[in-house]
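Peer 1: Structure file start_13.tsv (TSV, C-alpha atoms and all ligand atoms) right here:
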chain	number	residue	atom	x	y	z
O	1	MET	CA	0.00	0.00	0.00
O	2	SER	CA	1.45	3.41	-0.94
O	3	THR	CA	1.64	6.33	1.49
O	4	GLN	CA	-0.77	8.13	-0.82
O	5	THR	CA	-3.45	5.48	-0.16
O	6	VAL	CA	-3.13	5.71	3.63
O	7	LEU	CA	-3.36	9.48	3.68
O	8	ARG	CA	-6.55	9.44	1.59
O	9	TYR	CA	-8.83	8.95	4.60
O	10	ASN	CA	-11.77	6.79	3.71
O	11	GLY	CA	-13.97	7.54	6.70
O	12	SER	CA	-12.94	4.61	8.85
O	13	ALA	CA	-9.98	5.15	11.17
O	14	GLU	CA	-10.37	1.56	12.26
O	15	ARG	CA	-9.28	0.38	8.89
O	16	HIS	CA	-5.76	1.59	9.71
O	17	PHE	CA	-5.93	1.44	13.53
O	18	PRO	CA	-8.21	-1.52	14.34
O	19	ARG	CA	-10.10	-1.18	17.62
O	20	GLN	CA	-9.05	-3.41	20.51
O	21	ASN	CA	-12.41	-4.84	21.46
O	22	SER	CA	-11.62	-5.68	25.05
O	23	LEU	CA	-10.28	-2.17	25.79
O	24	SER	CA	-13.22	-0.22	24.46
O	25	GLU	CA	-16.05	-2.38	25.66
O	26	LYS	CA	-15.14	-3.21	29.26
O	27	SER	CA	-14.97	-0.54	31.94
O	28	GLY	CA	-12.26	-0.22	34.64
O	29	PRO	CA	-8.57	-1.17	34.48
O	30	GLN	CA	-7.94	-3.77	31.81
O	31	PRO	CA	-5.88	-6.87	32.56
O	32	LEU	CA	-2.43	-7.30	31.08
O	33	LYS	CA	-0.73	-10.63	31.21
O	34	ASN	CA	2.35	-11.39	33.33
O	35	ILE	CA	2.73	-8.03	35.02
O	36	GLY	CA	2.43	-9.16	38.62
O	37	ASN	CA	0.28	-7.44	41.21
O	38	VAL	CA	-1.97	-4.78	39.62
O	39	ALA	CA	-2.04	-2.83	42.91
O	40	ASP	CA	1.66	-2.06	42.43
O	41	PHE	CA	0.69	0.11	39.47
O	42	THR	CA	-2.65	1.55	40.47
O	43	ARG	CA	-2.04	2.69	44.05
O	44	PRO	CA	0.43	5.15	45.63
O	45	GLN	CA	3.73	3.47	46.32
O	46	LYS	CA	3.93	2.17	49.87
O	47	ASN	CA	6.84	2.45	52.23
O	48	LYS	CA	7.86	-1.20	52.44
O	49	TYR	CA	8.78	-0.73	56.10
O	50	THR	CA	5.21	-0.85	57.38
O	51	TYR	CA	4.58	-0.21	61.06
O	52	GLU	CA	4.45	-3.98	61.60
O	53	VAL	CA	7.78	-4.55	59.81
O	54	VAL	CA	9.48	-1.85	61.91
O	55	GLU	CA	7.95	-3.37	65.03
O	56	GLY	CA	9.42	-6.70	63.97
O	57	ILE	CA	12.91	-5.22	63.59
O	58	ALA	CA	12.61	-3.42	66.95
O	59	LYS	CA	11.44	-6.62	68.64
O	60	TRP	CA	14.41	-8.52	67.17
O	61	LEU	CA	16.72	-5.94	68.79
O	62	GLN	CA	14.80	-5.88	72.09
O	63	GLU	CA	15.22	-9.64	72.37
O	64	ARG	CA	18.99	-9.15	72.20
O	65	THR	CA	19.62	-6.14	74.43
O	66	SER	CA	18.62	-5.09	77.94
O	67	ILE	CA	19.10	-1.40	77.12
O	68	LYS	CA	15.90	0.61	76.77
O	69	PRO	CA	17.10	3.72	74.97
O	70	LYS	CA	15.40	7.08	75.37
O	71	ILE	CA	18.06	9.01	73.48
O	72	GLY	CA	19.07	8.31	69.87
O	73	ILE	CA	22.35	9.49	68.38
O	74	ILE	CA	23.29	9.51	64.70
O	75	CYS	CA	26.94	9.84	63.76
O	76	GLY	CA	27.81	11.83	60.66
O	77	THR	CA	30.75	11.32	58.32
O	78	GLY	CA	33.93	10.79	60.32
O	79	LEU	CA	32.08	11.22	63.63
O	80	GLY	CA	31.72	7.54	64.52
O	81	GLY	CA	34.06	8.22	67.46
O	82	LEU	CA	30.98	9.40	69.37
O	83	THR	CA	30.38	5.76	70.23
O	84	ASP	CA	33.69	5.66	72.17
O	85	GLU	CA	32.02	7.50	75.05
O	86	ILE	CA	29.28	4.89	75.41
O	87	THR	CA	29.64	2.30	78.18
O	88	ASP	CA	28.03	-1.14	78.61
O	89	LYS	CA	27.99	-1.38	74.83
O	90	GLU	CA	26.01	-3.93	72.87
O	91	GLU	CA	26.74	-3.70	69.15
O	92	PHE	CA	24.80	-4.93	66.14
O	93	PRO	CA	26.35	-4.67	62.66
O	94	TYR	CA	23.68	-3.49	60.22
O	95	THR	CA	24.35	-6.59	58.15
O	96	ASP	CA	23.11	-8.76	61.06
O	97	ILE	CA	19.84	-6.89	61.63
O	98	PRO	CA	16.88	-8.26	59.67
O	99	LEU	CA	15.83	-6.08	56.72
O	100	PHE	CA	18.36	-3.35	57.58
O	101	PRO	CA	20.16	-1.52	54.75
O	102	SER	CA	23.96	-1.55	54.91
O	103	SER	CA	26.41	1.35	55.01
O	104	THR	CA	28.31	1.93	51.78
O	105	VAL	CA	30.14	5.19	52.54
O	106	ALA	CA	33.67	5.49	54.00
O	107	GLY	CA	33.50	6.94	57.51
O	108	HIS	CA	30.18	5.23	58.31
O	109	ALA	CA	30.95	2.07	60.26
O	110	GLY	CA	27.55	0.45	59.82
O	111	LYS	CA	26.49	-0.68	63.27
O	112	LEU	CA	23.91	0.04	65.94
O	113	VAL	CA	25.37	0.58	69.37
O	114	PHE	CA	23.25	0.30	72.51
O	115	GLY	CA	24.65	1.40	75.87
O	116	ARG	CA	24.89	4.15	78.47
O	117	LEU	CA	26.07	7.73	78.24
O	118	GLU	CA	26.02	9.99	81.31
O	119	ASP	CA	23.94	7.29	82.97
O	120	LYS	CA	21.24	7.50	80.31
O	121	GLU	CA	20.34	4.62	78.04
O	122	VAL	CA	21.15	5.41	74.43
O	123	ILE	CA	21.11	3.92	70.96
O	124	CYS	CA	23.66	5.18	68.47
O	125	CYS	CA	23.78	4.71	64.70
O	126	SER	CA	27.43	4.56	63.80
O	127	GLY	CA	26.78	5.16	60.13
O	128	ARG	CA	23.72	6.53	58.39
O	129	PHE	CA	22.11	5.94	55.02
O	130	HIS	CA	22.07	8.56	52.30
O	131	TYR	CA	19.73	9.15	49.39
O	132	TYR	CA	22.70	9.34	47.00
O	133	GLU	CA	23.70	5.78	47.90
O	134	GLY	CA	20.57	4.75	46.04
O	135	TYR	CA	18.41	4.24	49.08
O	136	ASN	CA	14.81	5.47	49.15
O	137	ASN	CA	13.85	7.94	51.84
O	138	TYR	CA	12.08	5.21	53.77
O	139	GLN	CA	15.35	3.27	53.91
O	140	VAL	CA	17.32	6.41	54.83
O	141	THR	CA	14.99	6.96	57.80
O	142	LEU	CA	14.35	3.39	58.93
O	143	SER	CA	16.65	3.72	61.94
O	144	ILE	CA	14.58	6.67	63.24
O	145	ARG	CA	11.38	4.64	63.17
O	146	VAL	CA	13.10	1.71	64.84
O	147	MET	CA	14.27	4.14	67.54
O	148	LYS	CA	10.70	5.40	67.97
O	149	ILE	CA	9.38	1.90	68.60
O	150	LEU	CA	12.25	1.26	71.00
O	151	GLY	CA	11.12	4.25	73.07
O	152	VAL	CA	13.46	7.05	71.95
O	153	THR	CA	12.13	10.53	72.77
O	154	HIS	CA	15.19	12.69	71.98
O	155	LEU	CA	17.46	12.59	68.93
O	156	VAL	CA	20.96	14.04	68.61
O	157	MET	CA	22.22	14.05	65.03
O	158	SER	CA	25.53	15.08	63.53
O	159	ASN	CA	26.78	15.57	60.00
O	160	ALA	CA	29.74	16.85	58.01
O	161	ALA	CA	28.90	19.89	55.92
O	162	GLY	CA	30.41	22.62	53.78
O	163	GLY	CA	30.33	26.16	55.19
O	164	LEU	CA	28.83	29.03	53.20
O	165	PRO	CA	29.25	32.34	55.14
O	166	SER	CA	32.65	33.99	55.09
O	167	ASP	CA	32.85	34.10	58.89
O	168	TYR	CA	32.67	30.30	59.15
O	169	ASN	CA	35.89	28.30	59.44
O	170	VAL	CA	36.79	24.66	58.91
O	171	GLY	CA	36.38	22.93	62.27
O	172	ASP	CA	33.45	25.12	63.36
O	173	ILE	CA	30.33	23.46	64.67
O	174	MET	CA	26.97	24.73	63.50
O	175	ILE	CA	23.83	23.96	65.49
O	176	LEU	CA	20.91	23.56	63.09
O	177	LYS	CA	18.31	26.24	63.73
O	178	ASP	CA	16.47	25.42	60.53
O	179	HIS	CA	16.93	23.73	57.18
O	180	ILE	CA	16.17	24.07	53.49
O	181	ASN	CA	15.14	20.72	52.07
O	182	PHE	CA	15.87	20.90	48.36
O	183	ILE	CA	14.84	17.31	47.72
O	184	GLY	CA	11.72	17.66	49.85
O	185	MET	CA	10.60	20.94	48.30
O	186	ALA	CA	10.81	19.25	44.91
O	187	GLY	CA	8.52	16.44	46.07
O	188	GLY	CA	10.98	14.08	47.72
O	189	SER	CA	9.85	14.33	51.33
O	190	PRO	CA	10.33	11.15	53.39
O	191	LEU	CA	6.72	11.67	54.48
O	192	ARG	CA	5.45	11.33	50.91
O	193	GLY	CA	3.10	8.44	50.35
O	194	PRO	CA	0.27	6.90	52.35
O	195	ASN	CA	0.38	8.17	55.93
O	196	ASP	CA	0.15	5.69	58.80
O	197	GLU	CA	-1.37	7.66	61.67
O	198	ARG	CA	0.37	5.40	64.15
O	199	TRP	CA	3.56	7.31	63.30
O	200	GLY	CA	2.01	10.78	63.11
O	201	GLU	CA	-0.30	13.17	61.34
O	202	ARG	CA	-0.51	13.66	57.58
O	203	PHE	CA	0.45	17.36	57.74
O	204	ILE	CA	3.08	18.46	60.24
O	205	SER	CA	4.46	21.87	61.09
O	206	THR	CA	8.23	22.27	60.76
O	207	THR	CA	8.45	25.82	62.12
O	208	HIS	CA	10.12	24.60	65.34
O	209	ILE	CA	11.64	21.37	64.03
O	210	TYR	CA	14.98	21.87	65.85
O	211	ASN	CA	14.06	22.06	69.53
O	212	LYS	CA	14.91	25.40	71.14
O	213	GLU	CA	15.49	24.02	74.63
O	214	MET	CA	18.02	21.49	73.35
O	215	ARG	CA	19.76	24.17	71.30
O	216	GLU	CA	20.10	26.31	74.44
O	217	GLN	CA	21.37	23.32	76.45
O	218	ALA	CA	23.89	22.62	73.68
O	219	LYS	CA	25.17	26.20	73.77
O	220	LYS	CA	25.63	25.95	77.52
O	221	ALA	CA	27.37	22.60	77.15
O	222	ALA	CA	29.68	24.11	74.49
O	223	GLU	CA	30.78	26.85	76.89
O	224	GLU	CA	31.49	24.25	79.56
O	225	CYS	CA	33.55	22.10	77.17
O	226	GLY	CA	35.65	24.83	75.57
O	227	LEU	CA	33.83	24.51	72.28
O	228	GLY	CA	32.25	27.97	72.56
O	229	PRO	CA	34.68	29.77	70.20
O	230	TYR	CA	33.85	27.34	67.39
O	231	LEU	CA	30.09	27.35	67.85
O	232	LYS	CA	27.66	28.77	65.27
O	233	GLU	CA	23.96	28.40	64.68
O	234	GLY	CA	22.45	28.40	61.22
O	235	VAL	CA	20.50	26.96	58.34
O	236	TYR	CA	21.47	23.60	56.82
O	237	CYS	CA	20.75	23.01	53.13
O	238	MET	CA	20.07	19.41	52.18
O	239	VAL	CA	21.00	18.54	48.61
O	240	GLY	CA	20.97	15.16	46.89
O	241	GLY	CA	24.68	14.71	46.14
O	242	PRO	CA	26.87	12.76	45.79
O	243	ASN	CA	28.70	15.44	43.81
O	244	PHE	CA	29.73	18.55	45.69
O	245	GLU	CA	28.30	21.87	44.54
O	246	THR	CA	29.34	24.06	41.64
O	247	VAL	CA	30.40	27.63	42.35
O	248	ALA	CA	27.04	28.88	41.02
O	249	GLU	CA	25.18	26.43	43.28
O	250	CYS	CA	27.17	27.53	46.34
O	251	ARG	CA	26.45	31.16	45.57
O	252	MET	CA	22.75	30.35	45.17
O	253	LEU	CA	22.58	28.46	48.48
O	254	LYS	CA	24.16	31.39	50.29
O	255	LEU	CA	21.83	33.85	48.59
O	256	LEU	CA	18.85	31.77	49.70
O	257	GLY	CA	19.87	31.97	53.34
O	258	GLY	CA	21.86	28.74	53.75
O	259	ASP	CA	24.80	28.58	56.15
O	260	ALA	CA	25.97	25.02	55.50
O	261	VAL	CA	25.33	22.36	52.88
O	262	GLY	CA	25.29	18.58	53.12
O	263	MET	CA	23.57	15.46	51.87
O	264	SER	CA	21.80	14.09	54.92
O	265	THR	CA	20.03	14.74	58.24
O	266	VAL	CA	16.87	16.50	57.01
O	267	ALA	CA	14.94	13.35	56.07
O	268	GLU	CA	15.77	11.89	59.49
O	269	SER	CA	14.70	15.14	61.22
O	270	LEU	CA	11.35	15.10	59.43
O	271	VAL	CA	10.58	11.48	60.20
O	272	ALA	CA	11.57	11.99	63.83
O	273	ALA	CA	9.46	15.13	64.19
O	274	HIS	CA	6.54	13.38	62.47
O	275	SER	CA	6.47	10.82	65.26
O	276	GLY	CA	6.95	13.33	68.07
O	277	ILE	CA	10.67	12.83	68.74
O	278	THR	CA	12.49	15.96	69.96
O	279	VAL	CA	15.21	16.79	67.43
O	280	PHE	CA	18.65	18.35	67.83
O	281	ALA	CA	21.22	18.37	65.02
O	282	PHE	CA	24.61	19.90	64.33
O	283	SER	CA	27.07	20.14	61.45
O	284	LEU	CA	30.82	19.90	61.67
O	285	ILE	CA	32.11	22.32	59.02
O	286	THR	CA	34.63	20.13	57.23
O	287	ASN	CA	35.30	22.51	54.33
O	288	MET	CA	34.39	25.89	53.04
O	289	CYS	CA	32.29	25.87	49.87
O	290	CYS	CA	34.01	27.24	46.76
O	291	MET	CA	32.46	30.62	46.01
O	292	GLU	CA	35.06	31.68	43.41
O	293	TYR	CA	36.21	29.96	40.22
O	294	ASP	CA	39.89	30.39	41.08
O	295	ASP	CA	39.39	28.63	44.44
O	296	GLN	CA	42.13	26.03	44.73
O	297	SER	CA	40.68	23.94	47.57
O	298	PRO	CA	37.64	22.04	46.30
O	299	PRO	CA	35.97	19.73	48.84
O	300	ASN	CA	36.96	16.09	49.12
O	301	HIS	CA	35.61	13.30	51.29
O	302	GLU	CA	39.00	12.23	52.72
O	303	GLU	CA	39.57	15.71	54.07
O	304	HIS	CA	36.14	15.61	55.71
O	305	LEU	CA	37.08	12.36	57.46
O	306	MET	CA	40.31	13.95	58.68
O	307	ILE	CA	38.58	17.06	60.07
O	308	GLY	CA	36.11	14.74	61.78
O	309	LYS	CA	38.98	12.93	63.50
O	310	GLN	CA	40.59	16.19	64.59
O	311	ARG	CA	37.39	17.42	66.22
O	312	THR	CA	36.27	14.06	67.63
O	313	ALA	CA	37.51	14.55	71.21
O	314	LEU	CA	35.93	17.97	71.61
O	315	ILE	CA	32.63	16.88	70.02
O	316	GLN	CA	32.54	13.72	72.15
O	317	ALA	CA	32.87	15.76	75.34
O	318	TRP	CA	30.22	18.20	74.13
O	319	VAL	CA	27.66	15.56	73.14
O	320	ARG	CA	28.24	13.74	76.40
O	321	ASN	CA	27.63	16.96	78.35
O	322	LEU	CA	24.51	17.70	76.28
O	323	VAL	CA	23.11	14.20	76.85
O	324	GLY	CA	23.65	14.75	80.57
O	325	LYS	CA	21.49	17.88	80.40
O	326	ILE	CA	18.53	16.31	78.59
O	327	GLN	CA	15.50	15.99	80.83
O	328	LEU	CA	13.87	12.81	79.74
O	329	ASN	CA	10.45	13.38	81.18
O	330	GLN	CA	10.08	16.57	79.11
O	331	ALA	CA	9.54	15.78	75.42
U	401	LIG	O1	25.95	14.06	56.15
U	401	LIG	P1	27.01	13.09	56.53
U	401	LIG	O2	26.51	11.70	56.61
U	401	LIG	O3	27.75	13.50	57.76
U	401	LIG	O4	28.09	13.09	55.32
U	401	LIG	C1	28.53	14.25	54.63
U	401	LIG	O5	29.83	13.96	54.20
U	401	LIG	C2	29.80	13.27	52.93
U	401	LIG	C3	30.71	14.01	51.99
U	401	LIG	O6	32.01	14.03	52.46
U	401	LIG	C4	28.34	13.32	52.48
U	401	LIG	O7	27.74	12.09	52.76
U	401	LIG	C5	27.78	14.42	53.33
U	401	LIG	O8	26.37	14.33	53.51
U	402	LIG	N1	26.87	18.73	49.62
U	402	LIG	C1	27.92	18.85	50.42
U	402	LIG	N2	28.11	17.95	51.37
U	402	LIG	C2	29.20	18.09	52.16
U	402	LIG	N3	29.61	17.34	53.19
U	402	LIG	C3	30.75	17.88	53.65
U	402	LIG	N4	31.07	18.97	52.94
U	402	LIG	C4	30.12	19.11	51.99
U	402	LIG	C5	29.89	20.08	50.96
U	402	LIG	O1	30.66	21.01	50.73
U	402	LIG	N5	28.78	19.88	50.20
Take the structure in the file and write it out as C-alpha cells.
Peer 2:
Amino acid sequence: MSTQTVLRYNGSAERHFPRQNSLSEKSGPQPLKNIGNVADFTRPQKNKYTYEVVEGIAKWLQERTSIKPKIGIICGTGLGGLTDEITDKEEFPYTDIPLFPSSTVAGHAGKLVFGRLEDKEVICCSGRFHYYEGYNNYQVTLSIRVMKILGVTHLVMSNAAGGLPSDYNVGDIMILKDHINFIGMAGGSPLRGPNDERWGERFISTTHIYNKEMREQAKKAAEECGLGPYLKEGVYCMVGGPNFETVAECRMLKLLGGDAVGMSTVAESLVAAHSGITVFAFSLITNMCCMEYDDQSPPNHEEHLMIGKQRTALIQAWVRNLVGKIQLNQA
C-alpha cells in the first residue's frame, strides 16, 4: 500500500488502527498478562517498612539487648568516634539486623550501638544511610522509626557539611536552627506516600523542628567544654549529592539563606518530628564551599574524614555533656 493510499482517509480510522475490542467495551482497568500485582501500578507506592515490619525489627533488637534507649544518636561522616564514650555497649552490625540496609560510605561504620552515656540509656547509629547511595527515603529513615518503637524521645544528630558564610571556618560546629530541604521541596519528602497515623499526622508543622530548649542546652554545654569559640547556629541546606556543589550552586545556596550544605540529616529530622521525637542536630564544618572559580581547595571526602577525627575529642565531650542535660520526662 502506498503512502498516498493511507493518507486518503476513507472515513474509517479503524481500517488503519483496528479497535481493541476488550479495551473499548469493558470498563475499569484492563488486565495485562504477566505483570504481577496490579495494585503495584494503580495505588500510591507504599513504604515497604510498614509499622508492623518496623515493630518486627525493633522486637528482634529488644530480644537481644537489655538497654531501653530514650536518646538516639546519629553519627555523621567521620564522627563515629561518638560511640567511644558509650559504656556497657552492645553492638549490632547493620548486616546482622533483619531487613536493615547496609552502610556503603567510607566513615560510616555500619552498626547500631546500645549502651549508656552519662547514665542515660542510648542507641547510636554509627553510620547513616544517604539518598545518594541509592536508598529510598524510607530506607534512609528506617533507623529513626526503629528508635521510635524502642522508646526514643530525643534525637541528637551530627553531619559533616560545607560552610557558606565567610565568617565560618573549617572545624566550626553549626547547630541547626532550621533547614532548606531541596529534595523535599521538589517532592521528595520522606513523608510522601500513604500516611500511617500510628507514626504521626498527615500534615506536620516544621516551624520549630529543631528544639529550642536542646539548642540552648547545647550552647551551655559548648561553653562548659571549651567549644564555645567554634560554635555557630544556622540553616542547613540538604542537597541530593553525591557530587559537591558548583560555584554557582554555592552562591545560590548562600543567597537563599543557607549557612551550610550537606547530603543528609533532614529526612531523618522530618521522620523523627513526624512521630513526636524531639530533634537536635549539628554540622561539623569540614570545608568551606568554593564561592570563586579560582578557588584552589575544592571539597573532598578524605579531608572531611580527617577534620572529623581532629574534632572528635571535643565533640565527644560536648555531646556527652549535652546528653547529661537532657530531661527525659520533658519531650
Ligand atoms: O551528612 P554526613 O553523613 O555526615 O556526610 C557528609 O559527608 C559526605 C561528603 O564528604 C556526604 O555524605 C555528606 O552528607
Ligand atoms: N553537599 C555537600 N556535602 C558536604 N559534606 C561535607 N562537605 C560538603 C559540601 O561542601 N557539600
Peer 1: Counting all atoms listed in the file, which protein, DNA or RNA residues come within 10 Å of ligand LIG 402 (chain U), given as number ranges by chain?
Peer 2: O: 76-77, 159-164, 237-246, 250, 260-264, 283-290, 298-301, 303-305
Peer 1: Please measure the separation of CA of Ile326 in chain O and CA of Ile74 in chain O, giving the value in Å to one decimal.
Peer 2: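 Going from CA of Ile326 in chain O over to CA of Ile74 in chain O covers 16.2 Å.
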Peer 1: If you count all atoms listed in the file, which residues fall within 9 Å of Met147 in chain O, apart from same-chain ones fewer than 3 positions away, as a ChimeraX atom specification?
Peer 2: /O:58,69-72,123,142-144,150-153
Peer 1: Got time to write the residues from that selection, C-alpha atoms, as a JSON list (two decimals), in the frame of the given file?
Peer 2:
[["chain", "number", "residue", "atom", "x", "y", "z"],
["O", 58, "ALA", "CA", 12.61, -3.42, 66.95],
["O", 69, "PRO", "CA", 17.10, 3.72, 74.97],
["O", 70, "LYS", "CA", 15.40, 7.08, 75.37],
["O", 71, "ILE", "CA", 18.06, 9.01, 73.48],
["O", 72, "GLY", "CA", 19.07, 8.31, 69.87],
["O", 123, "ILE", "CA", 21.11, 3.92, 70.96],
["O", 142, "LEU", "CA", 14.35, 3.39, 58.93],
["O", 143, "SER", "CA", 16.65, 3.72, 61.94],
["O", 144, "ILE", "CA", 14.58, 6.67, 63.24],
["O", 150, "LEU", "CA", 12.25, 1.26, 71.00],
["O", 151, "GLY", "CA", 11.12, 4.25, 73.07],
["O", 152, "VAL", "CA", 13.46, 7.05, 71.95],
["O", 153, "THR", "CA", 12.13, 10.53, 72.77]]
Peer 1: Please provide as a PDB file with C-alpha atoms, in the frame of the given file all residues within 12 Å of Phe114 in chain O, with the sequence filter that same-chain residues fewer than 2 positions apart are discarded (counting all atoms listed in the file).
Peer 2:
ATOM      1  CA  LEU O  61      16.720  -5.940  68.790  1.00  0.00           C
ATOM      2  CA  GLN O  62      14.800  -5.880  72.090  1.00  0.00           C
ATOM      3  CA  ARG O  64      18.990  -9.150  72.200  1.00  0.00           C
ATOM      4  CA  THR O  65      19.620  -6.140  74.430  1.00  0.00           C
ATOM      5  CA  SER O  66      18.620  -5.090  77.940  1.00  0.00           C
ATOM      6  CA  ILE O  67      19.100  -1.400  77.120  1.00  0.00           C
ATOM      7  CA  LYS O  68      15.900   0.610  76.770  1.00  0.00           C
ATOM      8  CA  PRO O  69      17.100   3.720  74.970  1.00  0.00           C
ATOM      9  CA  LYS O  70      15.400   7.080  75.370  1.00  0.00           C
ATOM     10  CA  ILE O  71      18.060   9.010  73.480  1.00  0.00           C
ATOM     11  CA  GLY O  72      19.070   8.310  69.870  1.00  0.00           C
ATOM     12  CA  ILE O  73      22.350   9.490  68.380  1.00  0.00           C
ATOM     13  CA  THR O  83      30.380   5.760  70.230  1.00  0.00           C
ATOM     14  CA  ASP O  84      33.690   5.660  72.170  1.00  0.00           C
ATOM     15  CA  GLU O  85      32.020   7.500  75.050  1.00  0.00           C
ATOM     16  CA  ILE O  86      29.280   4.890  75.410  1.00  0.00           C
ATOM     17  CA  THR O  87      29.640   2.300  78.180  1.00  0.00           C
ATOM     18  CA  ASP O  88      28.030  -1.140  78.610  1.00  0.00           C
ATOM     19  CA  LYS O  89      27.990  -1.380  74.830  1.00  0.00           C
ATOM     20  CA  GLU O  90      26.010  -3.930  72.870  1.00  0.00           C
ATOM     21  CA  GLU O  91      26.740  -3.700  69.150  1.00  0.00           C
ATOM     22  CA  PHE O  92      24.800  -4.930  66.140  1.00  0.00           C
ATOM     23  CA  PRO O  93      26.350  -4.670  62.660  1.00  0.00           C
ATOM     24  CA  LYS O 111      26.490  -0.680  63.270  1.00  0.00           C
ATOM     25  CA  LEU O 112      23.910   0.040  65.940  1.00  0.00           C
ATOM     26  CA  ARG O 116      24.890   4.150  78.470  1.00  0.00           C
ATOM     27  CA  LEU O 117      26.070   7.730  78.240  1.00  0.00           C
ATOM     28  CA  LYS O 120      21.240   7.500  80.310  1.00  0.00           C
ATOM     29  CA  GLU O 121      20.340   4.620  78.040  1.00  0.00           C
ATOM     30  CA  VAL O 122      21.150   5.410  74.430  1.00  0.00           C
ATOM     31  CA  ILE O 123      21.110   3.920  70.960  1.00  0.00           C
ATOM     32  CA  CYS O 124      23.660   5.180  68.470  1.00  0.00           C
ATOM     33  CA  CYS O 125      23.780   4.710  64.700  1.00  0.00           C
ATOM     34  CA  SER O 126      27.430   4.560  63.800  1.00  0.00           C
ATOM     35  CA  MET O 147      14.270   4.140  67.540  1.00  0.00           C
ATOM     36  CA  LEU O 150      12.250   1.260  71.000  1.00  0.00           C
ATOM     37  CA  VAL O 152      13.460   7.050  71.950  1.00  0.00           C
TER      38      VAL O 152
END
Peer 1: Could you list, with a cut-off of 10 Å and counting all atoms listed in the file, the residues of range 127-200 of chain O near range 315-325 of chain O, each shown with its nearest atom pair and the distance in Å rounded to one decimal, rows sorted by chain and ascending number, as CSV?
Peer 2:
residue,atom,partner,partner_atom,distance
O:His154,CA,O:Val323,CA,9.4
O:Leu155,CA,O:Val323,CA,9.9
O:Val156,CA,O:Val319,CA,8.2
O:Met157,CA,O:Val319,CA,9.9
O:Ser158,CA,O:Ile315,CA,9.8
O:Ile173,CA,O:Ile315,CA,8.8
Peer 1: When you draw a straight line from CA of Tyr131 in chain O to CA of Val54 in chain O, how long is it in Å?
Peer 2: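 Separation of CA of Tyr131 in chain O and CA of Val54 in chain O: 19.6 Å.
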Peer 1: CA of Asp119 in chain O to CA of Glu216 in chain O: how many Å, to one decimal?
Peer 2: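 Separation between CA of Asp119 in chain O and CA of Glu216 in chain O: 21.2 Å.
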Peer 1: Taking only C-alpha atoms and all ligand atoms into account, name the residue in O:Lys177, O:His108, O:Lys48, O:Lys309 that is nearest to ligand LIG 401 (chain U).
Peer 2: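 Going through O:Lys177, O:His108, O:Lys48, O:Lys309 one by one, the smallest distance to ligand LIG 401 (chain U) is for O:His108.
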Peer 1: Have a look at O:Gly107, O:Pro194, O:Pro229, O:Pro44 and name the one nearest to ligand LIG 401 (chain U); count all atoms listed in the file.
Peer 2: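 For ligand LIG 401 (chain U), the nearest of the given residues is O:Gly107.
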Peer 1: Determine the axis-aligned bounding box of all atoms of ligand LIG 401 (chain U) present in the file, pad each side by 5 Å, and express its centre and edge lengths in Å to one decimal place as AutoDock Vina command-line options.
Peer 2:
--center_x 29.0 --center_y 13.1 --center_z 54.9 --size_x 16.1 --size_y 12.7 --size_z 15.8
Peer 1: Can you work out which one of O:Thr207, O:Asn136, O:Asn169, O:Thr265 has the shortest atom-to-atom distance to Lys46 in chain O, counting only C-alpha atoms?
Peer 2: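 Ranking O:Thr207, O:Asn136, O:Asn169, O:Thr265 by distance to Lys46 in chain O, first place goes to O:Asn136.
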Peer 1: I need the residue nearest Asn47 in chain O from this list: O:Arg192, O:Lys254, O:Lys148, O:His179. Use all atoms listed in the file for the distance.
Peer 2: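 Between O:Arg192, O:Lys254, O:Lys148, O:His179, the residue approaching Asn47 in chain O most closely is O:Arg192.
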Peer 1: Taking (8.8, 13.9, 53.7) in the file's coordinates as the center, which residues reach within 10 Å of it, counting all atoms listed in the file, put as number ranges by chain?
Peer 2: O: 137-138, 181, 183-185, 187-193, 203-204, 266-271, 274
